[in-house]
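Enquirer: My structure file final_0.cif, mmCIF, C-alpha atoms and all ligand atoms, is below:
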```
data_final
#
loop_
_atom_site.label_atom_id
_atom_site.label_comp_id
_atom_site.auth_asym_id
_atom_site.auth_seq_id
_atom_site.Cartn_x
_atom_site.Cartn_y
_atom_site.Cartn_z
CA MET A 1 -16.53 2.29 29.86
CA TYR A 2 -12.86 2.89 29.17
CA TRP A 3 -10.20 1.30 27.01
CA ASN A 4 -7.50 2.18 29.53
CA LYS A 5 -9.08 3.19 32.82
CA GLU A 6 -5.84 3.91 34.62
CA PHE A 7 -4.62 6.54 32.18
CA GLU A 8 -7.99 7.92 31.12
CA THR A 9 -9.03 8.73 34.68
CA MET A 10 -5.65 9.76 36.14
CA PRO A 11 -5.66 13.42 37.24
CA TRP A 12 -4.19 15.60 34.48
CA GLN A 13 -1.44 16.84 36.81
CA GLU A 14 -0.33 13.27 37.45
CA ILE A 15 -0.30 12.60 33.71
CA GLN A 16 2.11 15.50 33.31
CA ASN A 17 4.35 14.05 36.02
CA TYR A 18 4.23 10.70 34.25
CA TRP A 19 5.43 12.36 31.04
CA LEU A 20 8.25 14.13 32.84
CA SER A 21 9.35 10.80 34.30
CA LYS A 22 9.56 9.32 30.80
CA LEU A 23 11.51 12.10 29.13
CA PRO A 24 15.10 11.83 30.43
CA SER A 25 15.63 8.28 29.21
CA TYR A 26 14.00 9.11 25.89
CA LEU A 27 16.28 12.10 25.40
CA GLU A 28 19.26 9.83 26.07
CA TYR A 29 17.93 7.31 23.55
CA LEU A 30 17.76 10.03 20.90
CA LYS A 31 21.18 11.49 21.70
CA ASN A 32 22.79 8.06 21.45
CA LYS A 33 20.96 6.90 18.36
CA SER A 34 20.72 9.98 16.19
CA PRO A 35 23.29 12.56 15.04
CA PHE A 36 20.35 14.80 14.10
CA TYR A 37 19.00 14.83 17.67
CA GLU A 38 22.43 14.76 19.27
CA LYS A 39 23.15 18.09 17.62
CA ARG A 40 19.79 19.59 18.54
CA LEU A 41 20.05 18.45 22.16
CA SER A 42 23.79 19.02 22.69
CA SER A 43 23.33 21.79 25.28
CA ILE A 44 20.70 19.92 27.29
CA ALA A 45 21.41 17.59 30.16
CA SER A 46 18.56 15.07 30.11
CA LYS A 47 18.38 14.90 33.92
CA ASP A 48 17.69 18.67 34.04
CA ILE A 49 14.27 18.24 32.45
CA LYS A 50 12.21 18.04 35.65
CA THR A 51 9.26 20.42 35.20
CA MET A 52 6.98 21.40 32.35
CA ASP A 53 8.81 24.74 32.39
CA ASP A 54 12.13 22.97 31.75
CA LEU A 55 10.72 21.72 28.45
CA LYS A 56 11.37 25.17 27.04
CA LYS A 57 15.06 24.24 26.87
CA ILE A 58 14.18 21.74 24.14
CA PRO A 59 13.86 23.45 20.75
CA PHE A 60 10.63 23.12 18.77
CA LEU A 61 10.62 20.92 15.70
CA THR A 62 8.76 22.10 12.59
CA LYS A 63 7.47 20.31 9.53
CA ASN A 64 10.01 22.14 7.36
CA GLU A 65 12.89 20.98 9.56
CA LEU A 66 11.64 17.41 9.30
CA ARG A 67 11.27 17.74 5.54
CA ASP A 68 14.80 19.09 5.18
CA ALA A 69 16.21 16.40 7.45
CA GLN A 70 14.54 13.78 5.30
CA ALA A 71 15.65 15.20 1.95
CA ASP A 72 19.06 13.66 2.48
CA SER A 73 18.14 9.98 2.20
CA ASP A 74 19.57 6.86 0.61
CA ARG A 75 18.99 3.11 0.42
CA LYS A 76 20.58 2.65 3.83
CA ASN A 77 18.48 5.35 5.50
CA PRO A 78 15.40 5.79 3.29
CA LEU A 79 13.79 8.13 5.84
CA GLY A 80 16.83 10.40 6.02
CA LYS A 81 18.18 11.93 9.19
CA ILE A 82 14.94 11.52 11.14
CA GLN A 83 15.33 7.75 10.97
CA VAL A 84 16.98 6.54 14.17
CA VAL A 85 16.74 2.75 13.83
CA ASP A 86 18.18 0.37 11.24
CA THR A 87 16.06 -0.08 8.15
CA GLU A 88 15.75 -3.80 8.90
CA ASP A 89 13.80 -2.90 12.05
CA ILE A 90 11.25 -0.75 10.20
CA VAL A 91 8.13 -2.68 9.20
CA GLN A 92 5.81 0.03 7.87
CA VAL A 93 5.81 3.58 6.50
CA ILE A 94 3.09 6.22 6.55
CA SER A 95 3.14 9.69 5.09
CA SER A 96 1.63 13.06 5.76
CA SER A 97 -0.86 13.96 3.04
CA GLY A 98 1.60 16.38 1.45
CA THR A 99 -0.92 19.13 0.72
CA SER A 100 1.95 21.61 0.85
CA GLY A 101 5.32 20.47 -0.40
CA ARG A 102 7.02 17.08 -0.48
CA PRO A 103 5.32 14.64 1.90
CA VAL A 104 7.22 13.66 5.02
CA TYR A 105 7.43 9.89 5.57
CA TYR A 106 7.47 8.25 8.98
CA GLY A 107 8.51 4.73 9.84
CA ALA A 108 7.26 2.29 12.42
CA THR A 109 9.04 -0.59 14.08
CA GLN A 110 7.14 -3.68 15.17
CA LYS A 111 6.82 -2.07 18.61
CA ASP A 112 5.63 1.24 17.12
CA VAL A 113 2.88 -0.65 15.29
CA GLU A 114 1.85 -2.32 18.57
CA VAL A 115 1.67 1.10 20.20
CA TRP A 116 -0.56 2.45 17.40
CA ARG A 117 -2.83 -0.55 17.70
CA ASP A 118 -3.41 0.11 21.39
CA ALA A 119 -3.35 3.92 21.38
CA ILE A 120 -5.64 4.46 18.39
CA ALA A 121 -8.03 1.78 19.61
CA ASN A 122 -8.35 3.95 22.72
CA VAL A 123 -9.44 6.84 20.47
CA TYR A 124 -12.09 4.76 18.68
CA TYR A 125 -13.29 3.23 21.92
CA THR A 126 -13.84 6.73 23.30
CA ALA A 127 -15.68 7.56 20.07
CA GLY A 128 -18.07 4.70 20.81
CA VAL A 129 -16.83 1.77 18.71
CA ARG A 130 -17.49 -1.60 20.38
CA LYS A 131 -17.13 -5.29 19.52
CA ASP A 132 -20.64 -5.63 18.18
CA ASP A 133 -20.30 -2.79 15.67
CA ILE A 134 -19.90 -3.23 11.92
CA VAL A 135 -17.60 -0.40 10.91
CA ALA A 136 -17.12 0.91 7.37
CA HIS A 137 -13.61 2.35 7.20
CA THR A 138 -13.59 4.42 4.02
CA THR A 139 -10.07 5.80 3.73
CA GLY A 140 -8.79 4.67 0.36
CA ILE A 141 -5.11 5.28 0.82
CA PRO A 142 -3.19 2.83 3.03
CA LEU A 143 -0.11 5.07 3.06
CA PHE A 144 -1.95 7.87 4.82
CA ALA A 145 -2.21 8.07 8.58
CA GLY A 146 -5.93 7.35 8.41
CA GLY A 147 -5.42 4.16 6.41
CA ALA A 148 -3.88 0.99 7.81
CA ALA A 149 -3.30 2.43 11.29
CA TYR A 150 -7.02 3.17 11.72
CA PHE A 151 -8.00 -0.19 10.28
CA GLU A 152 -5.82 -2.07 12.75
CA ALA A 153 -7.07 0.00 15.67
CA ILE A 154 -10.74 -0.66 14.89
CA ARG A 155 -9.99 -4.34 14.38
CA ASN A 156 -8.13 -4.38 17.70
CA ILE A 157 -11.33 -3.36 19.49
CA GLY A 158 -12.89 -6.42 17.94
CA ALA A 159 -15.44 -4.67 15.75
CA MET A 160 -16.27 -6.23 12.39
CA THR A 161 -14.09 -3.97 10.28
CA VAL A 162 -15.04 -3.45 6.64
CA TRP A 163 -12.41 -1.68 4.56
CA PRO A 164 -13.65 -1.18 1.01
CA GLY A 165 -10.41 0.73 0.28
CA ASN A 166 -10.19 2.15 -3.19
CA LEU A 167 -13.57 0.99 -4.51
CA SER A 168 -15.68 3.50 -6.41
CA THR A 169 -18.20 5.46 -4.37
CA SER A 170 -21.07 3.33 -5.71
CA ARG A 171 -19.34 0.06 -4.86
CA MET A 172 -18.47 1.42 -1.44
CA LEU A 173 -22.08 2.30 -0.73
CA GLU A 174 -23.14 -1.11 -1.99
CA THR A 175 -20.67 -2.74 0.42
CA ILE A 176 -21.99 -0.69 3.32
CA ARG A 177 -25.53 -1.81 2.49
CA ASN A 178 -24.71 -5.47 1.80
CA LEU A 179 -22.78 -5.90 5.04
CA HIS A 180 -25.20 -3.90 7.21
CA CYS A 181 -22.55 -1.49 8.47
CA ASN A 182 -23.81 0.67 11.33
CA VAL A 183 -20.74 2.89 11.78
CA ILE A 184 -19.09 5.01 9.09
CA GLN A 185 -15.56 6.28 9.59
CA ALA A 186 -14.77 8.95 6.98
CA THR A 187 -13.48 12.48 6.61
CA VAL A 188 -16.24 15.03 7.01
CA SER A 189 -16.38 16.04 3.37
CA PHE A 190 -16.28 12.47 2.07
CA ASN A 191 -19.00 11.44 4.49
CA LEU A 192 -21.26 14.22 3.21
CA TYR A 193 -20.43 13.14 -0.33
CA LEU A 194 -21.36 9.50 0.37
CA ALA A 195 -24.73 10.59 1.69
CA GLU A 196 -25.27 12.83 -1.35
CA ARG A 197 -24.49 9.97 -3.76
CA CYS A 198 -26.48 7.27 -1.98
CA GLN A 199 -29.86 7.81 -3.66
CA ASP A 200 -28.32 7.81 -7.16
CA ALA A 201 -25.93 4.93 -6.55
CA LEU A 202 -28.23 2.53 -4.69
CA GLY A 203 -31.69 3.95 -5.25
CA VAL A 204 -31.93 4.10 -1.48
CA ASP A 205 -32.34 7.01 0.88
CA PRO A 206 -29.21 7.03 3.07
CA ARG A 207 -31.46 7.36 6.13
CA GLU A 208 -32.68 3.82 5.48
CA LEU A 209 -29.27 2.16 5.62
CA GLY A 210 -29.22 1.76 9.40
CA ILE A 211 -26.17 3.92 10.11
CA THR A 212 -26.21 4.77 13.81
CA ASN A 213 -22.75 6.25 14.42
CA ILE A 214 -20.74 8.70 12.35
CA ILE A 215 -17.05 9.06 13.15
CA GLY A 216 -14.98 11.60 11.32
CA GLY A 217 -11.86 13.64 11.37
CA GLY A 218 -8.93 14.50 9.18
CA GLU A 219 -10.10 18.07 8.72
CA PRO A 220 -11.85 20.67 10.86
CA GLY A 221 -15.62 20.66 10.50
CA LEU A 222 -17.14 18.26 13.00
CA GLY A 223 -16.66 20.88 15.68
CA GLU A 224 -19.31 22.95 13.95
CA GLU A 225 -22.83 22.25 15.11
CA ALA A 226 -24.33 22.92 11.65
CA ILE A 227 -22.12 20.29 10.02
CA ARG A 228 -22.75 17.74 12.78
CA GLN A 229 -26.47 18.21 12.36
CA LYS A 230 -26.22 17.95 8.59
CA LEU A 231 -24.43 14.61 8.85
CA LYS A 232 -26.77 13.32 11.52
CA ASP A 233 -29.80 14.21 9.39
CA ALA A 234 -28.27 12.85 6.19
CA TRP A 235 -27.86 9.35 7.67
CA ASN A 236 -30.45 9.56 10.42
CA ALA A 237 -27.60 8.69 12.79
CA LYS A 238 -27.75 8.79 16.58
CA THR A 239 -24.23 10.01 17.26
CA VAL A 240 -21.56 12.07 15.56
CA ARG A 241 -18.06 11.85 17.03
CA GLU A 242 -14.92 13.66 16.00
CA ILE A 243 -11.43 12.20 16.13
CA MET A 244 -8.05 13.76 15.35
CA GLY A 245 -4.47 12.66 14.90
CA LEU A 246 -1.39 13.43 12.87
CA ALA A 247 0.84 11.21 10.74
CA ASP A 248 3.75 13.21 12.14
CA VAL A 249 3.05 12.13 15.72
CA MET A 250 0.41 9.42 15.99
CA PRO A 251 -2.35 8.83 13.44
CA GLY A 252 -5.11 9.06 16.09
CA MET A 253 -4.81 10.96 19.39
CA TRP A 254 -8.06 12.73 20.23
CA GLY A 255 -11.51 11.19 20.43
CA GLU A 256 -14.93 12.50 21.33
CA CYS A 257 -16.94 10.81 24.10
CA GLU A 258 -20.67 10.39 24.56
CA ALA A 259 -21.01 13.93 25.95
CA GLU A 260 -20.30 15.15 22.38
CA THR A 261 -18.77 18.42 23.55
CA GLY A 262 -15.19 18.11 22.27
CA MET A 263 -12.38 15.58 21.86
CA HIS A 264 -10.47 14.08 24.79
CA PHE A 265 -6.76 13.37 24.60
CA ASN A 266 -6.62 9.58 24.55
CA VAL A 267 -2.97 8.65 24.10
CA GLN A 268 -1.50 9.92 27.39
CA LYS A 269 0.38 6.68 27.79
CA TYR A 270 2.50 7.31 24.70
CA VAL A 271 2.41 10.99 23.72
CA MET A 272 2.95 14.24 25.61
CA VAL A 273 0.94 17.26 24.54
CA GLU A 274 1.59 20.91 25.39
CA LEU A 275 -0.52 23.98 24.67
CA ILE A 276 1.34 27.15 23.69
CA ASP A 277 0.69 30.64 22.46
CA SER A 278 1.79 30.56 18.79
CA GLU A 279 3.42 33.97 18.95
CA SER A 280 5.02 34.19 22.41
CA GLU A 281 5.69 30.41 22.39
CA GLU A 282 4.92 30.35 26.13
CA HIS A 283 2.84 27.60 27.73
CA LEU A 284 -0.87 28.25 28.09
CA PRO A 285 -2.98 26.73 30.87
CA TRP A 286 -5.43 23.92 30.06
CA GLU A 287 -8.48 25.97 30.97
CA THR A 288 -11.86 26.23 29.33
CA GLY A 289 -11.89 28.84 26.56
CA VAL A 290 -8.11 29.05 26.09
CA VAL A 291 -6.98 29.00 22.44
CA GLY A 292 -3.50 27.79 21.52
CA GLU A 293 -1.30 25.61 19.35
CA LEU A 294 -0.65 21.95 20.15
CA ILE A 295 2.93 20.74 20.63
CA TYR A 296 3.58 17.00 20.66
CA THR A 297 6.34 14.71 21.89
CA ASN A 298 5.95 11.05 21.06
CA PHE A 299 8.17 9.65 23.81
CA SER A 300 7.46 6.06 22.86
CA ARG A 301 8.31 6.11 19.16
CA GLU A 302 11.36 4.15 18.05
CA ALA A 303 11.70 4.58 14.27
CA THR A 304 11.13 8.28 13.59
CA PRO A 305 10.85 10.15 16.88
CA ILE A 306 9.20 13.52 17.33
CA LEU A 307 10.28 15.98 19.99
CA ARG A 308 8.27 19.12 20.71
CA TYR A 309 6.68 19.08 17.28
CA ARG A 310 4.81 22.25 16.30
CA SER A 311 1.57 20.93 14.88
CA ALA A 312 0.27 24.34 13.68
CA ASP A 313 -3.13 23.02 14.83
CA LEU A 314 -4.99 25.74 16.70
CA VAL A 315 -7.44 24.45 19.24
CA ARG A 316 -9.86 25.79 21.80
CA VAL A 317 -10.16 24.06 25.17
CA GLU A 318 -13.84 23.19 25.56
CA GLY A 319 -13.69 21.74 29.05
CA ILE A 320 -11.41 20.21 31.66
CA SER A 321 -13.86 17.89 33.34
CA CYS A 322 -16.46 15.64 31.78
CA SER A 323 -19.49 13.60 32.71
CA CYS A 324 -17.79 10.53 31.17
CA GLY A 325 -15.13 10.60 33.92
CA ARG A 326 -12.18 11.08 31.60
CA THR A 327 -9.69 13.56 33.02
CA SER A 328 -7.99 14.83 29.87
CA PRO A 329 -9.06 18.23 28.51
CA LYS A 330 -11.63 18.40 25.71
CA ILE A 331 -10.79 20.42 22.62
CA ARG A 332 -12.03 21.48 19.21
CA CYS A 333 -9.68 22.30 16.36
CA ILE A 334 -10.43 25.78 15.10
CA GLY A 335 -7.93 26.03 12.25
CA ARG A 336 -4.37 25.76 11.08
CA ALA A 337 -1.86 28.40 12.09
CA ASP A 338 -0.60 28.34 8.51
CA ASP A 339 -4.10 28.86 7.04
CA LEU A 340 -4.32 32.34 8.49
CA LEU A 341 -5.75 35.01 6.16
CA ILE A 342 -5.45 38.74 6.68
CA PHE A 343 -8.12 41.08 5.39
CA LYS A 344 -6.83 44.63 5.85
CA ALA A 345 -5.70 44.42 9.49
CA MET A 346 -8.08 41.63 10.55
CA ASN A 347 -6.91 38.04 11.03
CA VAL A 348 -9.32 35.31 10.04
CA TYR A 349 -9.22 31.55 9.54
CA PRO A 350 -11.14 29.92 6.67
CA SER A 351 -12.82 27.67 9.24
CA ALA A 352 -14.25 30.75 10.98
CA ILE A 353 -15.78 31.91 7.70
CA ARG A 354 -17.28 28.46 7.15
CA ASP A 355 -18.56 28.41 10.72
CA VAL A 356 -20.43 31.70 10.33
CA VAL A 357 -21.82 30.99 6.87
CA LEU A 358 -23.10 27.54 7.82
CA LYS A 359 -24.53 28.69 11.11
CA HIS A 360 -26.80 31.23 9.43
CA PHE A 361 -27.52 29.69 6.04
CA GLU A 362 -27.17 25.92 6.53
CA LYS A 363 -30.51 25.03 4.95
CA TYR A 364 -29.56 26.73 1.67
CA LEU A 365 -26.13 25.09 1.36
CA THR A 366 -24.52 21.72 0.64
CA GLY A 367 -21.94 22.44 3.34
CA GLN A 368 -19.01 22.78 0.92
CA LEU A 369 -17.20 26.07 0.57
CA GLN A 370 -13.70 27.17 -0.38
CA VAL A 371 -11.62 30.32 -0.04
CA VAL A 372 -9.92 31.11 -3.36
CA LYS A 373 -6.35 32.39 -3.35
CA ASP A 374 -4.50 33.94 -6.29
CA HIS A 375 -1.29 32.12 -5.45
CA PRO A 376 -0.29 29.54 -2.82
CA GLU A 377 1.53 32.00 -0.56
CA GLN A 378 -1.23 34.60 -0.52
CA VAL A 379 -2.12 35.59 3.04
CA ARG A 380 -3.18 39.22 2.60
CA PHE A 381 -6.37 40.34 0.90
CA ASP A 382 -6.92 44.03 0.18
CA ASN A 383 -10.22 43.36 -1.58
CA ALA A 384 -13.06 41.12 -0.44
CA ILE A 385 -11.85 37.52 0.07
CA PRO A 386 -13.30 35.33 -2.73
CA VAL A 387 -15.25 32.35 -1.38
CA ASP A 388 -16.97 29.70 -3.50
CA ILE A 389 -20.13 28.50 -1.73
CA GLU A 390 -22.28 25.61 -2.97
CA ILE A 391 -26.00 26.38 -2.96
CA LEU A 392 -28.78 23.80 -3.09
CA PRO A 393 -30.67 24.52 -6.33
CA GLU A 394 -34.12 24.39 -4.72
CA HIS A 395 -33.11 27.17 -2.37
CA GLU A 396 -31.81 29.70 -4.85
CA GLN A 397 -33.15 33.05 -3.87
CA ALA A 398 -32.59 36.69 -4.51
CA ASN A 399 -30.13 38.52 -2.29
CA LEU A 400 -28.64 35.36 -0.78
CA LYS A 401 -25.17 36.49 -1.86
CA GLN A 402 -25.67 39.90 -0.25
CA GLN A 403 -27.11 38.36 2.92
CA ILE A 404 -24.17 35.99 3.33
CA GLU A 405 -21.65 38.76 2.76
CA LYS A 406 -23.42 41.00 5.28
CA VAL A 407 -23.51 38.37 8.03
CA VAL A 408 -19.80 37.63 7.56
CA ARG A 409 -19.01 41.36 7.64
CA ASP A 410 -21.12 41.93 10.76
CA THR A 411 -19.75 38.89 12.60
CA LEU A 412 -16.08 38.75 11.64
CA ASN A 413 -15.34 42.32 10.53
CA ILE A 414 -14.05 41.09 7.19
CA ARG A 415 -15.48 41.28 3.68
CA ILE A 416 -15.95 38.26 1.48
CA ASP A 417 -17.00 38.04 -2.17
CA ALA A 418 -19.47 35.15 -2.07
CA ASN A 419 -19.50 33.23 -5.36
CA LEU A 420 -22.60 31.02 -5.26
CA VAL A 421 -22.06 27.83 -7.25
CA PRO A 422 -24.17 24.69 -7.93
CA PRO A 423 -23.73 21.47 -5.92
CA ASN A 424 -20.65 19.39 -6.78
CA THR A 425 -18.72 22.34 -8.19
CA ILE A 426 -16.17 22.13 -5.39
CA GLN A 427 -14.02 19.09 -5.96
CA ARG A 428 -14.65 16.23 -3.49
CA THR A 429 -11.78 14.03 -2.56
CA GLN A 430 -11.77 10.84 -0.61
CA TYR A 431 -9.31 12.25 1.85
CA LYS A 432 -9.72 15.94 2.54
CA SER A 433 -11.58 18.71 0.76
CA PRO A 434 -9.42 21.68 1.62
CA LEU A 435 -10.99 24.93 2.73
CA ILE A 436 -8.59 26.80 0.46
CA ARG A 437 -7.83 26.44 -3.23
CA VAL A 438 -5.55 28.34 -5.55
CA ARG A 439 -6.99 29.82 -8.75
CA GLU A 440 -6.04 27.43 -11.51
CA ASN A 441 -4.39 29.74 -14.02
CA ASN A 442 -2.08 30.92 -11.24
CA ASN A 443 -1.35 27.52 -9.81
CA LYS A 444 2.41 27.06 -9.77
ZN ZN B 501 -16.02 12.91 28.12
#
```
Could you spell out this file's structure in structure tokens?

Expert:
Amino acid sequence: MYWNKEFETMPWQEIQNYWLSKLPSYLEYLKNKSPFYEKRLSSIASKDIKTMDDLKKIPFLTKNELRDAQADSDRKNPLGKIQVVDTEDIVQVISSSGTSGRPVYYGATQKDVEVWRDAIANVYYTAGVRKDDIVAHTTGIPLFAGGAAYFEAIRNIGAMTVWPGNLSTSRMLETIRNLHCNVIQATVSFNLYLAERCQDALGVDPRELGITNIIGGGEPGLGEEAIRQKLKDAWNAKTVREIMGLADVMPGMWGECEAETGMHFNVQKYVMVELIDSESEEHLPWETGVVGELIYTNFSREATPILRYRSADLVRVEGISCSCGRTSPKIRCIGRADDLLIFKAMNVYPSAIRDVVLKHFEKYLTGQLQVVKDHPEQVRFDNAIPVDIEILPEHEQANLKQQIEKVVRDTLNIRIDANLVPPNTIQRTQYKSPLIRVRENNNK
């Protein structure tokens, strides 16, 4: 039932004690190995970190700080100041997707790779992958977190792992058919796109391919019932499971179990997670309904460590006990702290707009929509927020635009300007289809 029974069923309080027992020696490791961390931790005595409350003494680390620390790199230290081992000990590099600014690169030692293999396998095992599965792993870009690290994790479970990599969509679908894959691992938007293209590419209804399990992540979406149902229907699949991880910390960390009511934390053995209030920066309790930002410490990583990393991922705790017996909290990601939009005085996340629109109008839509900004830094909107929404041609009807705008206004207290567009207007990518785009003539 479990990949790692001991950790997956240990009471959450004991897990926190386990983390606290690991931290002092890790802090010493960083102080001794890294001038960057030695400076950041100079006022902290490692032995004084005894309670979760003591963690507040350790400063948060942000993506921008990591990016700056890496800017100063050379042949000797290609990963800049965040590299704390010799280059000869680094065997692999992954990068964040770099949707905003220069990507940050992270290294892995041989031991780090072993940790990924075990930890991420735990995530896929929770998401239902077993030895007898034939898994299509569709990420095309080995450098990204969801590339080689996912491949090795699925292979570690012993499933027959099929990685078509950078093949065209048609060739990928052909591979899935020829090899009788029953599991598809893909980002939400790419998975929808594969199903859309199947009839044209193979002359086959995707529901006839024998796909039983859909696993997806990499972007919010699978937490929304309408999108889950759309994917399930598109492939006639039995299960839809969400997974989540970060290149910055660990490519896979959260996985959804058979209860299908949120993602469990699956890498307790290697990563510490905290829940905080983004504004007060105080800890929040792991209780059902609480919304907060995830903070990660990867206390096992050798090459490019992460200490109290602010993920900017906002999550809602969906439950703290589960019929599957796992003891870690279940969450859904509800948006990115840095995706926040402000309409007049109201705060709203693009994912909330998508949630509402899909919930009420799913049968008229392809599932793709995008908030349109005038420039990359735009947060405030004084006029209705422009949103491109793809409409299925057979469902065009009068007043749909007005109906959508009204439901959003009534539900979220914000105004949108719904721009109804034909299918495939919003650009699909193999990795992520962002919920926000910048108007082209203003794109810097
Ligand atoms: Zn569960």

Enquirer: Given the choices A:Thr297, A:Gln268, A:Thr366, A:Thr9, which gets closest to ligand ZN 501 (chain B) if the distance is worked out from all atoms listed in the file?

Expert: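 Between A:Thr297, A:Gln268, A:Thr366, A:Thr9, the residue approaching ligand ZN 501 (chain B) most closely is A:Thr9.
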
Enquirer: Out of A:Met1, A:Cys198, A:Leu358, A:Ala159, which residue has the shortest atom-to-atom distance to ligand ZN 501 (chain B) when counting only C-alpha atoms and all ligand atoms?

Expert: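 For ligand ZN 501 (chain B), the nearest of the given residues is A:Met1.
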
Enquirer: Which residues come within 8 Å of region 385-399 of chain A, counting all atoms listed in the file, excluding same-chain residues fewer than 2 positions away, as a VMD selection string?

Expert: chain A and resid 343 364 to 373 381 383 401 to 403 415 to 426

Enquirer: Return the single residue from A:Arg241, A:Arg102, A:Arg177, A:Arg40 that is closest to Gly128 (chain A), with distances computed using only C-alpha atoms.

Expert: A:Arg241

Enquirer: Record the distance separating CA of Thr327 (chain A) and CA of Glu260 (chain A), expressed in Å with one decimal.

Expert: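 Here the two named atoms are 15.1 Å from each other.
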
Enquirer: Could you list, as a PyMOL selection string, all protein and nucleic acid residues with an atom at most 8 Å from ligand ZN 501 (chain B), counting only C-alpha atoms and all ligand atoms?

Expert: chain A and resi 256-264+321-326+330

Enquirer: Rounded to one decimal place, report the CA of Asn166 (chain A)-CA of Leu209 (chain A) distance in Å.

Expert: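 Straight-line distance from CA of Asn166 (chain A) to CA of Leu209 (chain A) works out to 21.0 Å.
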
Enquirer: Go through A:Ala303, A:Val104, A:Glu14, A:Lys359 and flag the residue nearest Asn64 (chain A), using only C-alpha atoms for the distances.

Expert: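 For Asn64 (chain A), the nearest of the given residues is A:Val104.
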
Enquirer: Report, in Å to a single decimal, how far apart CA of Glu318 (chain A) and CA of Trp12 (chain A) are.

Expert: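 Answer for the CA of Trp12 (chain A) to CA of Glu318 (chain A) separation: 15.2 Å.
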
Enquirer: Rank A:Ala195, A:Ile82, A:Leu23, A:Ile414 by their smallest atom-to-atom distance to Glu38 (chain A), using all atoms listed in the file, and report the top residue only.

Expert: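 The closest residue to Glu38 (chain A) is A:Ile82.
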
Enquirer: Leaving out Gly165 (chain A) and any residue of its chain fewer than 4 positions from it, which residues lie within 9 Å of it when counting all atoms listed in the file, given as a PyMOL selection string?

Expert: chain A and resi 137-142+147+172

Enquirer: Measuring between all atoms listed in the file, which one of A:His283, A:Ser328, A:Arg308, A:Asp277 shows the shortest distance to Ile295 (chain A)?

Expert: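 That would be A:Arg308, the residue with the smallest distance to Ile295 (chain A).
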
Enquirer: Near Thr212 (chain A), within 8 Å and counting all atoms listed in the file, which residues show up once chain neighbours fewer than 3 positions away are dropped, as a ChimeraX atom specification?

Expert: /A:182-183,235-239

Enquirer: Please produce an output containing C-alpha atoms for each residue in the selection, written as a PDB file, keeping the file's coordinate frame.

Expert:
```pdb
ATOM      1  CA  ASN A 182     -23.810   0.670  11.330  1.00  0.00           C
ATOM      2  CA  VAL A 183     -20.740   2.890  11.780  1.00  0.00           C
ATOM      3  CA  TRP A 235     -27.860   9.350   7.670  1.00  0.00           C
ATOM      4  CA  ASN A 236     -30.450   9.560  10.420  1.00  0.00           C
ATOM      5  CA  ALA A 237     -27.600   8.690  12.790  1.00  0.00           C
ATOM      6  CA  LYS A 238     -27.750   8.790  16.580  1.00  0.00           C
ATOM      7  CA  THR A 239     -24.230  10.010  17.260  1.00  0.00           C
TER       8      THR A 239
END
```

Enquirer: Around the point (-19.1, 21.7, 13.9), in the coordinates given by the file, pick out the residues reaching within 12 Å, counting only C-alpha atoms, and return them as an mmCIF file with C-alpha atoms, in the coordinates of the input.

Expert:
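Output file result00.cif is given in full below:
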```
data_model
loop_
_atom_site.group_PDB
_atom_site.id
_atom_site.type_symbol
_atom_site.label_atom_id
_atom_site.label_comp_id
_atom_site.auth_asym_id
_atom_site.auth_seq_id
_atom_site.Cartn_x
_atom_site.Cartn_y
_atom_site.Cartn_z
ATOM 1 C CA VAL A 188 -16.240 15.030 7.010
ATOM 2 C CA GLY A 216 -14.980 11.600 11.320
ATOM 3 C CA GLY A 217 -11.860 13.640 11.370
ATOM 4 C CA GLU A 219 -10.100 18.070 8.720
ATOM 5 C CA PRO A 220 -11.850 20.670 10.860
ATOM 6 C CA GLY A 221 -15.620 20.660 10.500
ATOM 7 C CA LEU A 222 -17.140 18.260 13.000
ATOM 8 C CA GLY A 223 -16.660 20.880 15.680
ATOM 9 C CA GLU A 224 -19.310 22.950 13.950
ATOM 10 C CA GLU A 225 -22.830 22.250 15.110
ATOM 11 C CA ALA A 226 -24.330 22.920 11.650
ATOM 12 C CA ILE A 227 -22.120 20.290 10.020
ATOM 13 C CA ARG A 228 -22.750 17.740 12.780
ATOM 14 C CA GLN A 229 -26.470 18.210 12.360
ATOM 15 C CA LYS A 230 -26.220 17.950 8.590
ATOM 16 C CA LEU A 231 -24.430 14.610 8.850
ATOM 17 C CA LYS A 232 -26.770 13.320 11.520
ATOM 18 C CA VAL A 240 -21.560 12.070 15.560
ATOM 19 C CA ARG A 241 -18.060 11.850 17.030
ATOM 20 C CA GLU A 242 -14.920 13.660 16.000
ATOM 21 C CA GLU A 260 -20.300 15.150 22.380
ATOM 22 C CA THR A 261 -18.770 18.420 23.550
ATOM 23 C CA GLY A 262 -15.190 18.110 22.270
ATOM 24 C CA ARG A 332 -12.030 21.480 19.210
ATOM 25 C CA CYS A 333 -9.680 22.300 16.360
ATOM 26 C CA ILE A 334 -10.430 25.780 15.100
ATOM 27 C CA SER A 351 -12.820 27.670 9.240
ATOM 28 C CA ALA A 352 -14.250 30.750 10.980
ATOM 29 C CA ARG A 354 -17.280 28.460 7.150
ATOM 30 C CA ASP A 355 -18.560 28.410 10.720
ATOM 31 C CA VAL A 356 -20.430 31.700 10.330
ATOM 32 C CA VAL A 357 -21.820 30.990 6.870
ATOM 33 C CA LEU A 358 -23.100 27.540 7.820
ATOM 34 C CA LYS A 359 -24.530 28.690 11.110
ATOM 35 C CA GLU A 362 -27.170 25.920 6.530
ATOM 36 C CA GLY A 367 -21.940 22.440 3.340
#
```
